[in-house]
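*Asks:* Just dropping this structure here.
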Amino acid sequence: MLSRLHLSVILLLAAGIWGTMLVIEGVAVSGTWFRPFSTVVGVLLLLLVAFDLWAWRLRFLQGWFVPRPDIRGTWRVELRTDWKDPATNEVVAPIPAYLVVRQTFSTLSLRMLTSESSSELVAAEISKAADGTYRLAAVYRNEPKLSVRDRSPIHYGAIVLDVQGEPVKDLVGYYWTDRTTRGELRSLARNVTIASSFDEASSLLPPAAVSAPAAS
């Protein structure tokens, strides 16, 4: 988002160009025209902050004016991985997890929570296809609990999610890691409240509250 300095510079350049053009046109330019400059900058900055934090989510602005979907909140998701448990040499069952999304117009933060680990976003990008659909691509760092790092070390991975619905109803995609594991992810439920831990997310969206997987 633009800072007060950036906004001031842009407005100064615009005012300078405007004043120069008026002089070229033979218009007498008065210094009083520029007295409200500080007030204008302050009002525009407040409007930008309001837009960045809140107004961008308004439905009538989506698509034509705001080129990004609103995916804020806590999502209950299911992970299906090809990772095999060293103890049994069998692929583990689907893993319940939560994807916590903090989002403004200018920022995006994702954290994946499971009962054993937390994955923090390193970089992300939401792109819009020619047909108007959105896709989220991200790189993350996974930190398992100390108690399980003998079989699940800290690692990096990437994830690609298709954002489905307008307004958004589902997130469906796949992931892979530098441990040569990979899998699929699909959303099951969503709560706009931001959870800060796996236990808090579980209380917001308990497994029993979900009757069926989201359609892909």
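Ordering of the structure tokens sets the chain letters (A, B, ...); residue numbers start at 1 within each chain; ligands are numbered from 1 in the order shown.
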Could I get the residues of region 58-140 of chain A with an atom no further than 8 Å from an atom of region 168-178 of chain A, each paired with its nearest atom pair and that distance in Å to one decimal, using only C-alpha atoms, sorted by chain and residue number, as a tab-separated table?
*Replies:*
residue	atom	partner	partner_atom	distance
A:Pro69	CA	A:Val168	CA	7.0
A:Asp70	CA	A:Val168	CA	6.9
A:Ile71	CA	A:Val168	CA	6.7
*Asks:* Put those residues in a file: C-alpha atoms, as a PDB file, in the first residue's frame.
*Replies:*
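That gives us selection.pdb:
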ATOM      1  CA  PRO A  69     -10.534 -13.113  -4.251  1.00  0.00           C
ATOM      2  CA  ASP A  70     -11.410 -12.805  -0.568  1.00  0.00           C
ATOM      3  CA  ILE A  71     -10.112 -15.970   1.122  1.00  0.00           C
TER       4      ILE A  71
END
*Asks:* Leaving out Thr133 (chain A) and any residue of its chain fewer than 5 positions from it, which residues lie within 12 Å of it when counting only C-alpha atoms, given as a ChimeraX atom specification?
*Replies:* /A:63,67-69,126-128,161-168,171
*Asks:* Rank nothing, just name the residue among A:Ile154, A:Ile17, A:Leu7, A:Leu185 nearest to Leu46 (chain A), using only C-alpha atoms.
*Replies:* A:Leu7
*Asks:* What's the 8 Å shell around Ala123 (chain A), counting only C-alpha atoms, without same-chain residues fewer than 5 positions away, as a PyMOL selection string?
*Replies:* chain A and resi 138-140
*Asks:* When you look at region 80-94 of chain A with a cut-off of 7 Å (counting only C-alpha atoms), what residues show up, excluding the ones that are within fewer than 3 positions of it in the same chain? I need them as a list of chain:residue names.
*Replies:*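 Once the nearby chain positions are removed, what remains is A:Thr181, A:Arg182, A:Gly183, A:Glu184, A:Leu185.
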*Asks:* Dump N, CA and C atoms for the selected residues as a PDB file, in the first residue's frame?
*Replies:*
ATOM      1  N   THR A 181       8.001 -35.719  -0.955  1.00  0.00           N
ATOM      2  CA  THR A 181       6.618 -36.131  -0.724  1.00  0.00           C
ATOM      3  C   THR A 181       5.693 -35.178  -1.451  1.00  0.00           C
ATOM      4  N   ARG A 182       4.483 -35.618  -1.673  1.00  0.00           N
ATOM      5  CA  ARG A 182       3.499 -34.798  -2.360  1.00  0.00           C
ATOM      6  C   ARG A 182       2.106 -35.246  -1.938  1.00  0.00           C
ATOM      7  N   GLY A 183       1.131 -34.422  -2.290  1.00  0.00           N
ATOM      8  CA  GLY A 183      -0.222 -34.798  -1.913  1.00  0.00           C
ATOM      9  C   GLY A 183      -1.253 -33.819  -2.433  1.00  0.00           C
ATOM     10  N   GLU A 184      -2.490 -34.042  -2.035  1.00  0.00           N
ATOM     11  CA  GLU A 184      -3.607 -33.198  -2.451  1.00  0.00           C
ATOM     12  C   GLU A 184      -4.240 -32.537  -1.237  1.00  0.00           C
ATOM     13  N   LEU A 185      -4.875 -31.407  -1.481  1.00  0.00           N
ATOM     14  CA  LEU A 185      -5.531 -30.653  -0.422  1.00  0.00           C
ATOM     15  C   LEU A 185      -6.898 -30.215  -0.907  1.00  0.00           C
TER      16      LEU A 185
END
*Asks:* Pick out the closest residue to Leu113 (chain A) from this set: A:Trp75, A:Trp54, A:Tyr134, A:Trp64. Count only C-alpha atoms.
*Replies:*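 Ranked by minimum distance to Leu113 (chain A), first place goes to A:Trp75.
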*Asks:* Taking the DSSP secondary structure from the backbone, can you list the residues of region 94-193 of chain A that are strand (DSSP E), as a ChimeraX atom specification?
*Replies:* /A:95-103,108-113,117-128,134-144,155-164,170-177,182-191
*Asks:* Kindly export the residues of the current selection with C-alpha atoms, as a compact mmCIF listing (two decimals), in the first residue's frame.
*Replies:*
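Written output follows (out28.txt):
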# COMPACT_ATOMS: atom_id res chain seq x y z
CA ILE A 95 -4.60 -35.69 7.65
CA PRO A 96 -6.97 -33.13 9.20
CA ALA A 97 -5.49 -29.63 9.05
CA TYR A 98 -6.41 -25.97 9.11
CA LEU A 99 -5.35 -23.23 6.71
CA VAL A 100 -5.37 -19.80 8.38
CA VAL A 101 -5.47 -16.89 5.93
CA ARG A 102 -4.81 -13.29 6.95
CA GLN A 103 -5.48 -10.96 4.05
CA LEU A 108 -1.46 -12.10 2.15
CA SER A 109 -0.38 -14.46 4.95
CA LEU A 110 -1.07 -18.19 5.17
CA ARG A 111 -0.33 -20.68 7.94
CA MET A 112 -1.10 -24.39 7.79
CA LEU A 113 -1.76 -26.03 11.14
CA SER A 117 3.34 -29.03 12.82
CA SER A 118 2.91 -25.48 11.60
CA SER A 119 3.73 -24.23 8.09
CA GLU A 120 4.56 -20.57 7.55
CA LEU A 121 4.30 -18.80 4.22
CA VAL A 122 7.56 -17.70 2.59
CA ALA A 123 6.13 -16.23 -0.62
CA ALA A 124 2.78 -16.28 -2.41
CA GLU A 125 1.02 -15.00 -5.49
CA ILE A 126 -2.62 -14.98 -6.54
CA SER A 127 -3.03 -15.01 -10.31
CA LYS A 128 -6.13 -14.52 -12.42
CA TYR A 134 -8.05 -17.52 -9.55
CA ARG A 135 -5.11 -19.66 -8.50
CA LEU A 136 -2.91 -19.32 -5.43
CA ALA A 137 0.71 -20.48 -5.62
CA ALA A 138 2.92 -20.36 -2.52
CA VAL A 139 6.18 -21.56 -0.98
CA TYR A 140 6.16 -22.47 2.71
CA ARG A 141 8.41 -23.64 5.56
CA ASN A 142 7.11 -26.45 7.76
CA GLU A 143 8.21 -26.75 11.40
CA PRO A 144 7.12 -29.98 13.10
CA HIS A 155 11.38 -28.80 5.44
CA TYR A 156 10.21 -26.51 2.63
CA GLY A 157 7.39 -27.07 0.20
CA ALA A 158 5.17 -25.47 -2.39
CA ILE A 159 1.41 -25.47 -2.83
CA VAL A 160 -0.96 -24.61 -5.67
CA LEU A 161 -4.64 -24.01 -4.92
CA ASP A 162 -7.54 -23.33 -7.25
CA VAL A 163 -9.90 -20.78 -5.70
CA GLN A 164 -13.44 -21.89 -6.54
CA ASP A 170 -13.68 -24.00 -1.93
CA LEU A 171 -9.90 -24.31 -2.12
CA VAL A 172 -8.65 -27.36 -4.00
CA GLY A 173 -5.11 -28.18 -5.05
CA TYR A 174 -1.89 -30.06 -4.43
CA TYR A 175 1.48 -29.68 -2.76
CA TRP A 176 4.98 -31.12 -2.81
CA THR A 177 8.03 -30.85 -0.55
CA ARG A 182 3.50 -34.80 -2.36
CA GLY A 183 -0.22 -34.80 -1.91
CA GLU A 184 -3.61 -33.20 -2.45
CA LEU A 185 -5.53 -30.65 -0.42
CA ARG A 186 -9.20 -29.77 -0.35
CA SER A 187 -11.24 -27.48 1.86
CA LEU A 188 -14.10 -28.79 3.95
CA ALA A 189 -15.38 -25.75 5.83
CA ARG A 190 -14.62 -22.10 6.51
CA ASN A 191 -14.93 -19.67 9.42
*Asks:* What separation in Å, quoted to one decimal, exists between CA of Leu204 (chain A) and CA of Leu79 (chain A)?
*Replies:*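 It comes out at 18.7 Å.
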*Asks:* Which one is closest to Pro36 (chain A): A:Leu11, A:Leu48, A:Val23, A:Val77? Count only C-alpha atoms.
*Replies:* A:Leu11
*Asks:* Output as a ChimeraX atom specification all residues of region 4-180 of chain A that backbone DSSP marks as helix (DSSP H, G or I).
*Replies:* /A:4-24,31-34,37-53,55-57,59-61,146-148
